[in-house]
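Student: Please find data_11.txt (compact mmCIF, C-alpha atoms) on the next line:
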# COMPACT_ATOMS: atom_id res chain seq x y z
CA MET A 1 -27.92 -7.15 2.75
CA ASP A 2 -24.27 -7.98 2.15
CA ALA A 3 -25.26 -11.62 1.85
CA THR A 4 -27.82 -10.66 -0.79
CA GLU A 5 -25.16 -8.88 -2.78
CA ARG A 6 -22.86 -11.88 -2.61
CA VAL A 7 -25.64 -14.18 -3.80
CA MET A 8 -26.41 -11.79 -6.66
CA THR A 9 -22.81 -11.58 -7.74
CA ARG A 10 -22.38 -15.32 -7.73
CA LYS A 11 -25.66 -16.66 -9.04
CA GLY A 12 -27.10 -13.70 -10.89
CA PRO A 13 -30.15 -11.84 -9.66
CA ALA A 14 -32.52 -14.66 -10.54
CA GLY A 15 -30.64 -16.83 -8.05
CA VAL A 16 -31.60 -14.52 -5.22
CA THR A 17 -34.16 -16.37 -3.18
CA PHE A 18 -35.02 -15.92 0.43
CA GLY A 19 -33.52 -19.31 1.16
CA SER A 20 -30.21 -18.51 -0.55
CA ILE A 21 -29.95 -15.23 1.39
CA VAL A 22 -30.53 -17.05 4.66
CA GLU A 23 -27.91 -19.63 3.75
CA GLU A 24 -25.32 -17.05 2.66
CA SER A 25 -25.80 -14.82 5.68
CA GLY A 26 -25.18 -17.65 8.13
CA LEU A 27 -28.11 -16.35 10.15
CA SER A 28 -31.15 -18.36 11.06
CA LYS A 29 -34.24 -17.92 8.95
CA SER A 30 -36.03 -16.27 11.85
CA GLY A 31 -33.05 -13.94 12.32
CA VAL A 32 -33.34 -12.76 8.73
CA ILE A 33 -37.10 -12.46 8.97
CA HIS A 34 -36.62 -10.31 12.07
CA HIS A 35 -34.93 -7.69 9.85
CA PHE A 36 -36.65 -8.23 6.55
CA ARG A 37 -39.99 -9.85 6.03
CA SER A 38 -39.45 -10.72 2.40
CA LYS A 39 -36.95 -10.75 -0.42
CA ARG A 40 -38.80 -7.71 -1.71
CA GLN A 41 -37.93 -5.76 1.43
CA ILE A 42 -34.28 -6.68 1.12
CA LEU A 43 -34.21 -5.49 -2.49
CA GLU A 44 -35.93 -2.26 -1.46
CA ALA A 45 -33.29 -1.65 1.17
CA LEU A 46 -30.54 -2.29 -1.38
CA ALA A 47 -32.13 0.11 -3.85
CA ALA A 48 -32.31 2.81 -1.16
CA ARG A 49 -28.66 2.24 -0.20
CA THR A 50 -27.63 2.57 -3.81
CA MET A 51 -29.63 5.70 -4.46
CA SER A 52 -28.19 7.58 -1.52
CA GLY A 53 -25.19 8.64 -3.63
CA PHE A 54 -27.42 10.35 -6.15
CA ALA A 55 -28.46 12.97 -3.63
CA ASN A 56 -24.94 14.42 -3.85
CA VAL A 57 -25.42 15.09 -7.53
CA LEU A 58 -28.68 16.93 -7.00
CA ARG A 59 -27.30 18.94 -4.07
CA ILE A 60 -25.04 20.86 -6.46
CA GLY A 61 -28.04 22.77 -7.78
CA GLY A 62 -28.96 24.09 -11.19
CA ASN A 63 -26.47 26.87 -11.82
CA PRO A 64 -25.45 26.47 -15.50
CA SER A 65 -21.78 27.02 -14.69
CA ASP A 66 -21.87 24.01 -12.37
CA ARG A 67 -22.67 21.51 -15.09
CA GLY A 68 -19.11 20.13 -14.97
CA ALA A 69 -19.41 19.63 -11.23
CA ARG A 70 -22.71 17.84 -11.72
CA THR A 71 -21.20 15.55 -14.33
CA ARG A 72 -18.26 14.78 -12.03
CA ALA A 73 -20.60 14.00 -9.15
CA TYR A 74 -22.68 11.83 -11.47
CA ALA A 75 -19.59 9.88 -12.49
CA GLU A 76 -18.54 9.49 -8.87
CA CYS A 77 -21.97 8.20 -7.97
CA LEU A 78 -21.91 5.68 -10.83
CA PHE A 79 -18.39 4.40 -10.27
CA ALA A 80 -17.88 4.80 -6.53
CA PRO A 81 -16.45 1.64 -4.96
CA GLU A 82 -19.43 1.37 -2.64
CA ALA A 83 -21.66 1.38 -5.72
CA ALA A 84 -19.97 -1.75 -7.06
CA PRO A 85 -22.94 -4.07 -6.55
CA TRP A 86 -25.21 -1.36 -7.96
CA PRO A 87 -25.41 -2.78 -11.46
CA MET A 88 -26.68 -6.06 -10.18
CA HIS A 89 -29.35 -4.27 -8.20
CA ARG A 90 -30.58 -2.50 -11.25
CA ILE A 91 -30.82 -5.70 -13.18
CA ALA A 92 -32.34 -7.57 -10.30
CA ALA A 93 -34.82 -4.78 -9.87
CA LEU A 94 -35.71 -4.93 -13.54
CA LEU A 95 -36.37 -8.61 -13.29
CA ASN A 96 -37.99 -8.85 -9.91
CA ALA A 97 -39.84 -5.60 -9.47
CA PRO A 98 -39.50 -2.89 -12.10
CA ASP A 99 -41.00 -0.30 -9.74
CA LEU A 100 -37.79 -0.51 -7.67
CA LEU A 101 -36.21 1.49 -10.47
CA ASP A 102 -38.51 4.42 -9.78
CA PRO A 103 -36.17 6.27 -7.40
CA MET A 104 -33.39 6.09 -10.00
CA ILE A 105 -35.72 7.26 -12.75
CA GLU A 106 -36.87 10.15 -10.58
CA GLY A 107 -33.24 10.99 -9.82
CA HIS A 108 -32.41 11.18 -13.52
CA ARG A 109 -35.41 13.32 -14.21
CA ALA A 110 -34.59 15.70 -11.35
CA LEU A 111 -31.08 15.99 -12.76
CA ASP A 112 -32.48 16.69 -16.22
CA GLN A 113 -34.50 19.52 -14.68
CA LEU A 114 -31.31 21.08 -13.37
CA GLU A 115 -29.80 21.03 -16.84
CA GLN A 116 -32.68 22.58 -18.69
CA HIS A 117 -31.39 26.15 -18.43
CA LEU A 118 -28.28 25.32 -20.43
CA ASP A 119 -28.04 26.65 -23.94
CA HIS A 120 -28.68 24.15 -26.67
CA GLU A 121 -25.11 23.21 -27.46
CA ASP A 122 -24.12 22.76 -23.82
CA HIS A 123 -27.23 20.74 -23.19
CA VAL A 124 -26.39 18.26 -25.95
CA GLN A 125 -22.83 18.07 -24.63
CA VAL A 126 -23.98 17.34 -21.08
CA MET A 127 -26.55 14.75 -22.10
CA LEU A 128 -24.18 12.85 -24.39
CA THR A 129 -21.52 12.86 -21.68
CA ARG A 130 -23.96 11.42 -19.15
CA MET A 131 -25.10 8.82 -21.70
CA ALA A 132 -21.49 7.83 -22.34
CA LEU A 133 -20.91 7.44 -18.59
CA ASP A 134 -23.98 5.20 -18.44
CA GLY A 135 -22.58 3.29 -21.40
CA LEU A 136 -19.26 2.85 -19.62
CA TRP A 137 -21.07 1.63 -16.53
CA TRP A 138 -22.90 -0.87 -18.70
CA SER A 139 -19.65 -1.96 -20.32
CA ASP A 140 -18.04 -2.48 -16.88
CA LEU A 141 -21.01 -4.54 -15.91
CA ILE A 142 -21.07 -6.99 -18.76
CA ASP A 143 -17.35 -7.15 -19.54
CA PRO A 144 -15.10 -5.66 -16.85
CA GLU A 145 -11.95 -6.75 -18.73
CA ARG A 146 -12.96 -5.16 -22.02
CA LEU A 147 -10.82 -2.03 -21.77
CA SER A 148 -7.31 -1.83 -20.42
CA ALA A 149 -6.89 0.41 -17.38
CA ARG A 150 -5.04 2.89 -19.59
CA GLU A 151 -7.74 3.00 -22.25
CA ARG A 152 -10.51 3.24 -19.69
CA GLY A 153 -8.67 6.03 -17.92
CA ARG A 154 -8.33 7.98 -21.16
CA VAL A 155 -12.03 7.64 -21.94
CA MET A 156 -12.88 8.71 -18.42
CA ARG A 157 -10.70 11.82 -18.68
CA LEU A 158 -12.30 12.63 -21.98
CA LEU A 159 -15.72 12.57 -20.36
CA VAL A 160 -14.82 14.07 -17.01
CA PRO A 161 -11.84 16.31 -17.85
CA ASP A 162 -11.06 17.49 -14.33
CA ASP A 163 -10.78 13.98 -13.06
CA PRO A 164 -7.21 13.78 -11.76
CA PRO A 165 -5.07 11.13 -13.47
CA PRO A 166 -4.73 7.95 -11.40
CA MET B 1 -51.88 -12.31 -40.99
CA SER B 2 -52.24 -15.82 -42.36
CA ARG B 3 -49.67 -18.33 -41.29
CA PRO B 4 -48.39 -21.21 -43.33
CA ARG B 5 -49.74 -24.45 -41.92
CA ASN B 6 -46.98 -26.82 -42.89
CA LEU B 7 -43.76 -25.29 -41.81
CA THR B 8 -40.63 -27.34 -41.94
CA GLY B 9 -38.82 -27.95 -38.67
CA ALA B 10 -36.27 -25.21 -39.31
CA ALA B 11 -38.93 -22.74 -40.40
CA THR B 12 -41.00 -23.47 -37.29
CA ARG B 13 -37.99 -22.93 -35.12
CA ALA B 14 -37.27 -19.64 -36.87
CA ALA B 15 -40.89 -18.52 -36.50
CA LEU B 16 -40.80 -19.41 -32.81
CA LEU B 17 -37.63 -17.43 -32.23
CA ASP B 18 -39.15 -14.53 -34.09
CA ALA B 19 -42.20 -14.64 -31.86
CA ALA B 20 -40.06 -15.04 -28.73
CA LEU B 21 -37.95 -12.00 -29.63
CA THR B 22 -41.05 -9.94 -30.21
CA ILE B 23 -42.40 -10.90 -26.79
CA VAL B 24 -39.12 -10.18 -25.01
CA GLY B 25 -38.52 -6.95 -26.91
CA GLU B 26 -41.97 -5.60 -26.19
CA GLN B 27 -42.81 -7.00 -22.79
CA GLY B 28 -39.59 -8.16 -21.20
CA LEU B 29 -38.13 -11.51 -20.43
CA SER B 30 -40.57 -12.46 -17.72
CA ALA B 31 -43.38 -12.30 -20.29
CA LEU B 32 -41.71 -15.08 -22.26
CA THR B 33 -43.77 -18.11 -21.29
CA TYR B 34 -44.74 -21.19 -23.24
CA ASP B 35 -48.39 -20.10 -23.20
CA LYS B 36 -47.55 -16.73 -24.64
CA LEU B 37 -45.32 -18.28 -27.26
CA VAL B 38 -48.07 -20.66 -28.36
CA GLU B 39 -50.49 -17.75 -28.57
CA ILE B 40 -48.23 -15.45 -30.61
CA SER B 41 -46.68 -18.03 -32.92
CA SER B 42 -49.77 -20.19 -33.60
CA VAL B 43 -47.51 -23.21 -33.21
CA SER B 44 -49.00 -25.94 -31.04
CA ARG B 45 -47.74 -26.45 -27.53
CA GLY B 46 -46.37 -29.82 -28.58
CA GLY B 47 -44.52 -28.13 -31.42
CA VAL B 48 -43.01 -25.55 -29.10
CA MET B 49 -41.96 -28.21 -26.61
CA HIS B 50 -40.42 -30.23 -29.41
CA HIS B 51 -38.06 -27.40 -30.35
CA PHE B 52 -37.46 -26.08 -26.85
CA PRO B 53 -37.98 -28.80 -24.25
CA THR B 54 -36.90 -26.52 -21.39
CA ARG B 55 -37.16 -22.82 -20.70
CA ARG B 56 -33.41 -22.73 -20.37
CA GLU B 57 -32.99 -24.07 -23.93
CA LEU B 58 -35.52 -21.56 -25.18
CA LEU B 59 -33.65 -18.76 -23.47
CA VAL B 60 -30.27 -19.76 -24.83
CA ALA B 61 -31.71 -19.95 -28.34
CA VAL B 62 -33.37 -16.54 -27.99
CA VAL B 63 -30.16 -14.93 -26.80
CA ASP B 64 -28.16 -16.52 -29.61
CA GLU B 65 -30.68 -15.35 -32.14
CA ALA B 66 -30.69 -11.83 -30.70
CA ALA B 67 -26.90 -11.74 -30.90
CA ALA B 68 -26.93 -12.99 -34.50
CA ARG B 69 -29.45 -10.35 -35.52
CA LEU B 70 -27.54 -7.62 -33.74
CA ARG B 71 -24.40 -8.76 -35.54
CA ALA B 72 -26.21 -8.54 -38.83
CA SER B 73 -27.65 -5.11 -38.06
CA LEU B 74 -24.18 -3.86 -37.16
CA LYS B 75 -22.80 -5.30 -40.41
CA MET B 76 -20.04 -6.92 -38.39
CA ASP B 77 -18.89 -9.08 -41.26
CA ASP B 78 -18.48 -6.24 -43.70
CA GLY B 79 -14.78 -5.48 -43.47
CA ASN B 80 -14.96 -2.57 -45.88
CA LEU B 81 -16.85 -0.10 -43.71
CA THR B 82 -15.04 3.10 -42.81
CA PRO B 83 -15.08 4.09 -39.13
CA ALA B 84 -17.71 6.76 -39.91
CA GLN B 85 -19.92 4.22 -41.66
CA ARG B 86 -19.46 1.85 -38.75
CA LEU B 87 -20.65 4.53 -36.36
CA ASP B 88 -23.60 5.23 -38.65
CA VAL B 89 -24.78 1.63 -38.55
CA TYR B 90 -24.32 1.64 -34.79
CA VAL B 91 -26.56 4.70 -34.58
CA GLU B 92 -29.12 3.01 -36.83
CA SER B 93 -29.06 -0.08 -34.69
CA VAL B 94 -29.75 1.88 -31.50
CA ALA B 95 -32.33 4.09 -33.17
CA GLY B 96 -34.28 1.46 -34.98
CA HIS B 97 -36.19 -1.70 -34.56
CA PRO B 98 -33.12 -3.91 -34.02
CA SER B 99 -32.70 -2.41 -30.55
CA MET B 100 -35.26 -5.03 -29.61
CA ASN B 101 -32.46 -7.55 -29.98
CA ARG B 102 -30.34 -5.61 -27.54
CA ASN B 103 -33.18 -5.65 -25.06
CA ALA B 104 -33.36 -9.41 -25.31
CA LEU B 105 -29.65 -9.64 -24.60
CA THR B 106 -29.85 -7.28 -21.63
CA LEU B 107 -32.73 -9.03 -20.07
CA SER B 108 -30.90 -12.31 -20.32
CA LEU B 109 -28.45 -10.82 -17.86
CA ALA B 110 -31.16 -10.82 -15.26
CA GLU B 111 -31.66 -14.50 -15.81
CA ASN B 112 -28.10 -15.64 -16.17
CA PRO B 113 -25.01 -13.48 -16.76
CA GLU B 114 -23.26 -16.29 -18.67
CA LEU B 115 -25.68 -15.87 -21.52
CA LEU B 116 -24.04 -12.57 -22.41
CA GLN B 117 -20.87 -14.08 -23.83
CA SER B 118 -21.91 -13.51 -27.44
CA TRP B 119 -22.47 -9.84 -26.67
CA ARG B 120 -19.03 -9.50 -25.08
CA ASP B 121 -17.39 -11.12 -28.10
CA MET B 122 -19.17 -8.75 -30.45
CA GLN B 123 -18.19 -5.71 -28.45
CA ARG B 124 -14.54 -6.71 -28.35
CA GLU B 125 -14.55 -7.38 -32.06
CA LEU B 126 -15.90 -3.88 -32.70
CA ASP B 127 -13.30 -2.41 -30.35
CA ASP B 128 -10.53 -4.16 -32.26
CA SER B 129 -11.75 -2.88 -35.59
CA MET B 130 -11.83 0.59 -34.06
CA ARG B 131 -8.28 0.31 -32.79
CA ALA B 132 -7.12 -0.97 -36.17
CA ALA B 133 -8.78 1.95 -37.95
CA GLY B 134 -6.45 4.46 -36.34
CA GLY B 135 -7.55 7.87 -35.09
CA SER B 136 -8.55 8.54 -31.53
CA VAL B 137 -9.73 5.28 -29.99
CA GLU B 138 -11.14 7.04 -26.95
CA LEU B 139 -13.17 9.42 -29.08
CA ALA B 140 -14.65 6.53 -31.03
CA LEU B 141 -15.26 4.68 -27.78
CA ALA B 142 -16.94 7.67 -26.16
CA ARG B 143 -19.38 7.97 -29.04
CA ARG B 144 -20.28 4.31 -28.94
CA LEU B 145 -20.63 4.38 -25.17
CA ALA B 146 -23.00 7.34 -25.46
CA LEU B 147 -25.12 5.28 -27.84
CA ASP B 148 -25.07 2.35 -25.44
CA GLY B 149 -26.20 4.73 -22.69
CA LEU B 150 -29.03 6.03 -24.85
CA TRP B 151 -30.17 2.56 -25.58
CA TRP B 152 -29.99 1.62 -21.90
CA GLN B 153 -32.16 4.64 -21.07
CA GLN B 154 -34.67 3.28 -23.52
CA VAL B 155 -34.82 0.08 -21.50
CA VAL B 156 -35.14 1.59 -18.01
CA ASP B 157 -37.07 4.79 -18.74
CA PRO B 158 -38.39 4.99 -22.31
CA ASP B 159 -40.16 8.30 -21.59
CA ARG B 160 -37.17 10.22 -20.28
CA PHE B 161 -36.50 11.80 -23.66
CA SER B 162 -39.08 12.89 -26.17
CA ASP B 163 -38.79 11.38 -29.65
CA GLU B 164 -37.42 14.68 -30.85
CA GLN B 165 -34.77 14.88 -28.13
CA ARG B 166 -33.78 11.32 -28.78
CA ARG B 167 -33.42 11.90 -32.51
CA GLU B 168 -31.38 14.98 -31.82
CA LEU B 169 -28.98 13.17 -29.50
CA LEU B 170 -28.65 10.26 -31.92
CA SER B 171 -27.72 12.62 -34.69
CA ALA B 172 -25.41 14.80 -32.56
CA VAL B 173 -23.40 11.81 -31.40
CA LYS B 174 -22.01 11.21 -34.89
CA ASN B 175 -19.86 14.32 -34.68
CA TRP B 176 -19.71 14.62 -30.95
CA VAL B 177 -16.44 15.79 -29.44
CA PRO B 178 -16.46 15.53 -25.64
CA GLU B 179 -15.22 18.58 -23.78
CA GLY B 180 -12.14 16.82 -22.52
CA PHE B 181 -10.92 16.12 -26.05
CA THR B 182 -8.92 19.28 -26.75
CA THR B 183 -6.88 19.16 -23.57
CA GLN B 184 -6.18 15.49 -23.96
CA SER B 185 -5.33 15.45 -27.64
CA ALA B 186 -2.79 18.21 -26.98
CA GLY B 187 -0.78 15.71 -24.95
CA PRO B 188 1.20 12.77 -26.34
CA SER B 189 -1.08 10.17 -27.87
Translate the structure of the given file into structure tokens.
Tutor:
Amino acid sequence: MDATERVMTRKGPAGVTFGSIVEESGLSKSGVIHHFRSKRQILEALAARTMSGFANVLRIGGNPSDRGARTRAYAECLFAPEAAPWPMHRIAALLNAPDLLDPMIEGHRALDQLEQHLDHEDHVQVMLTRMALDGLWWSDLIDPERLSARERGRVMRLLVPDDPPP
Amino acid sequence: MSRPRNLTGAATRAALLDAALTIVGEQGLSALTYDKLVEISSVSRGGVMHHFPTRRELLVAVVDEAAARLRASLKMDDGNLTPAQRLDVYVESVAGHPSMNRNALTLSLAENPELLQSWRDMQRELDDSMRAAGGSVELALARRLALDGLWWQQVVDPDRFSDEQRRELLSAVKNWVPEGFTTQSAGPS
């Protein structure tokens, strides 16, 4: 799986072929096949690994007063160091098998369910904040050098106020 | 719709790019095949191959065209827009038909991340104009990022929000002040 991530980072998701994974991993083809029968299975495993962080967000529950905690957990799940290859998975999934996105889509929807008891104003606030975090994730993905660390930190604190300063 | 029979080279190319963007915007990048392009554009296969001998060349041209159209829809070259007007056109661009051009750019990422350079340049140019405009850069950034997030949602899960919810969020973002703003603006800027 790590080899797959390295291939994705270097060649882009379209460059991920079974052969390139075998080559990168340094394992024999039969060794790779022993664990994963197809590229599809490897991508599925990556998607599952990535989605595991989302469970923490949902675990907080739907108490309206916990919306800040949910947003913080959402941000942590998006920007956690172990989620670093996550963007590439999403894109790869889009290209190779859109149904791999289903767990993420279900996660978002489950989270939306938790927020539906908020009053109107809070609801708009929460949704725009989450959208902006997604936007920041997208920005990191396509242009990691776009914002200085200081500027990025300020935006982050704006969106997730209780985030301690670095 | 009747199609002119004798298009000039440039007009054929433009019509092909138009057709290609429609395909990518509606069905994704993987749907962009020569067969499909011939079908949608009514240009002969030979004609298509003449303009875009390889899929790679086709893709590069589509991405460039998408970037140019996005630039135009964002009125990037109009230096007289106020920050509020700039945000308005950004909202329009995410809300409206031109978001198709964004989709084409995104999907190019799946094919080859290098193709996104024009998008990066555009984003940085907008950031610079925002910084030059004064006011809270992070507030302006947060609003634009929220719009980017909304648009991204549209790509991965178009049914997550109802049309009404989407319209509401798009309109609320124009005056949106994130919760962290008061505490932060109280500090030194």
Student: Return the single residue from A:Ser38, A:Leu159, A:Leu128, A:Leu78 that is closest to Leu141 in chain A, with distances computed using all atoms listed in the file.
Tutor: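 Ranking A:Ser38, A:Leu159, A:Leu128, A:Leu78 by distance to Leu141 in chain A, first place goes to A:Leu78.
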Student: What's around Val177 in chain B at 10 Å? Count all atoms listed in the file, leave out sequence neighbours fewer than 2 positions away in its own chain, and write the answer as a CSV table (one decimal) with C-alpha atoms, keeping the file's coordinate frame.
Tutor:
chain,number,residue,atom,x,y,z
A,125,GLN,CA,-22.8,18.1,-24.6
A,128,LEU,CA,-24.2,12.8,-24.4
A,129,THR,CA,-21.5,12.9,-21.7
A,158,LEU,CA,-12.3,12.6,-22.0
A,159,LEU,CA,-15.7,12.6,-20.4
B,139,LEU,CA,-13.2,9.4,-29.1
B,140,ALA,CA,-14.6,6.5,-31.0
B,142,ALA,CA,-16.9,7.7,-26.2
B,143,ARG,CA,-19.4,8.0,-29.0
B,172,ALA,CA,-25.4,14.8,-32.6
B,173,VAL,CA,-23.4,11.8,-31.4
B,174,LYS,CA,-22.0,11.2,-34.9
B,175,ASN,CA,-19.9,14.3,-34.7
B,179,GLU,CA,-15.2,18.6,-23.8
B,180,GLY,CA,-12.1,16.8,-22.5
B,181,PHE,CA,-10.9,16.1,-26.0
B,182,THR,CA,-8.9,19.3,-26.8
Student: Which polymer residues have any atom within 7 Å of an atom of Ala20 in chain B, counting only C-alpha atoms, with same-chain residues fewer than 3 positions away left out, as a list in words?
Tutor: Leu16, Leu17, Ile23, Val24, Leu32, Leu37 and Val62 of chain B
Student: Would you mind exporting the chosen residues as a short mmCIF file (atom, residue, chain, number, x, y, z; two decimals), keeping the file's coordinate frame, restricted to C-alpha atoms?
Tutor:
data_model
loop_
_atom_site.label_atom_id
_atom_site.label_comp_id
_atom_site.auth_asym_id
_atom_site.auth_seq_id
_atom_site.Cartn_x
_atom_site.Cartn_y
_atom_site.Cartn_z
CA LEU B 16 -40.80 -19.41 -32.81
CA LEU B 17 -37.63 -17.43 -32.23
CA ILE B 23 -42.40 -10.90 -26.79
CA VAL B 24 -39.12 -10.18 -25.01
CA LEU B 32 -41.71 -15.08 -22.26
CA LEU B 37 -45.32 -18.28 -27.26
CA VAL B 62 -33.37 -16.54 -27.99
#
Student: As a VMD selection string, please: the residues near range 150-157 of chain B (cut-off 9 Å, only C-alpha atoms, same-chain neighbours under 2 positions excluded).
Tutor: (chain A and resid 94 98 101 105 128 131 to 132 134 to 135 138) or (chain B and resid 94 to 95 99 102 to 103 106 145 to 148 159 to 161 166 169 to 170)
Student: Given the choices A:Gln41, A:Asp143, A:Ala149, A:Arg70, which gets closest to chain B if the distance is worked out from all atoms listed in the file?
Tutor: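 So, comparing all the options, the nearest one is A:Asp143.
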Student: For range 56-58 of chain A, please output as a count of residues only all residues within 9 Å (counting only C-alpha atoms; exclusion window: fewer than 4 positions along the same chain).
Tutor: 14
Student: So, with all atoms listed in the file as the atoms that count, which of A:Gly26, A:Gly31, A:Pro161, A:Gly19 lies closest to chain B?
Tutor: A:Pro161
Student: Identify, on the basis of only C-alpha atoms, every residue whose closest approach to His50 in chain B does not exceed 12 Å; exclude the query and any residue fewer than 2 positions from it along the same chain; express the result as a VMD selection string.
Tutor: chain B and resid 9 to 10 12 to 13 16 34 43 to 48 52 to 55 57 to 58
Student: Just to confirm, what's the straight-line distance from CA of His108 in chain A to CA of Ser65 in chain A in Å (one decimal)?
Tutor: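 Between these atoms lies a distance of 19.1 Å.
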Student: Could you tell me which of B:Leu74, B:Ala14, B:Ser30, B:Tyr90 comes closest to chain A if we count only C-alpha atoms?
Tutor: B:Ser30
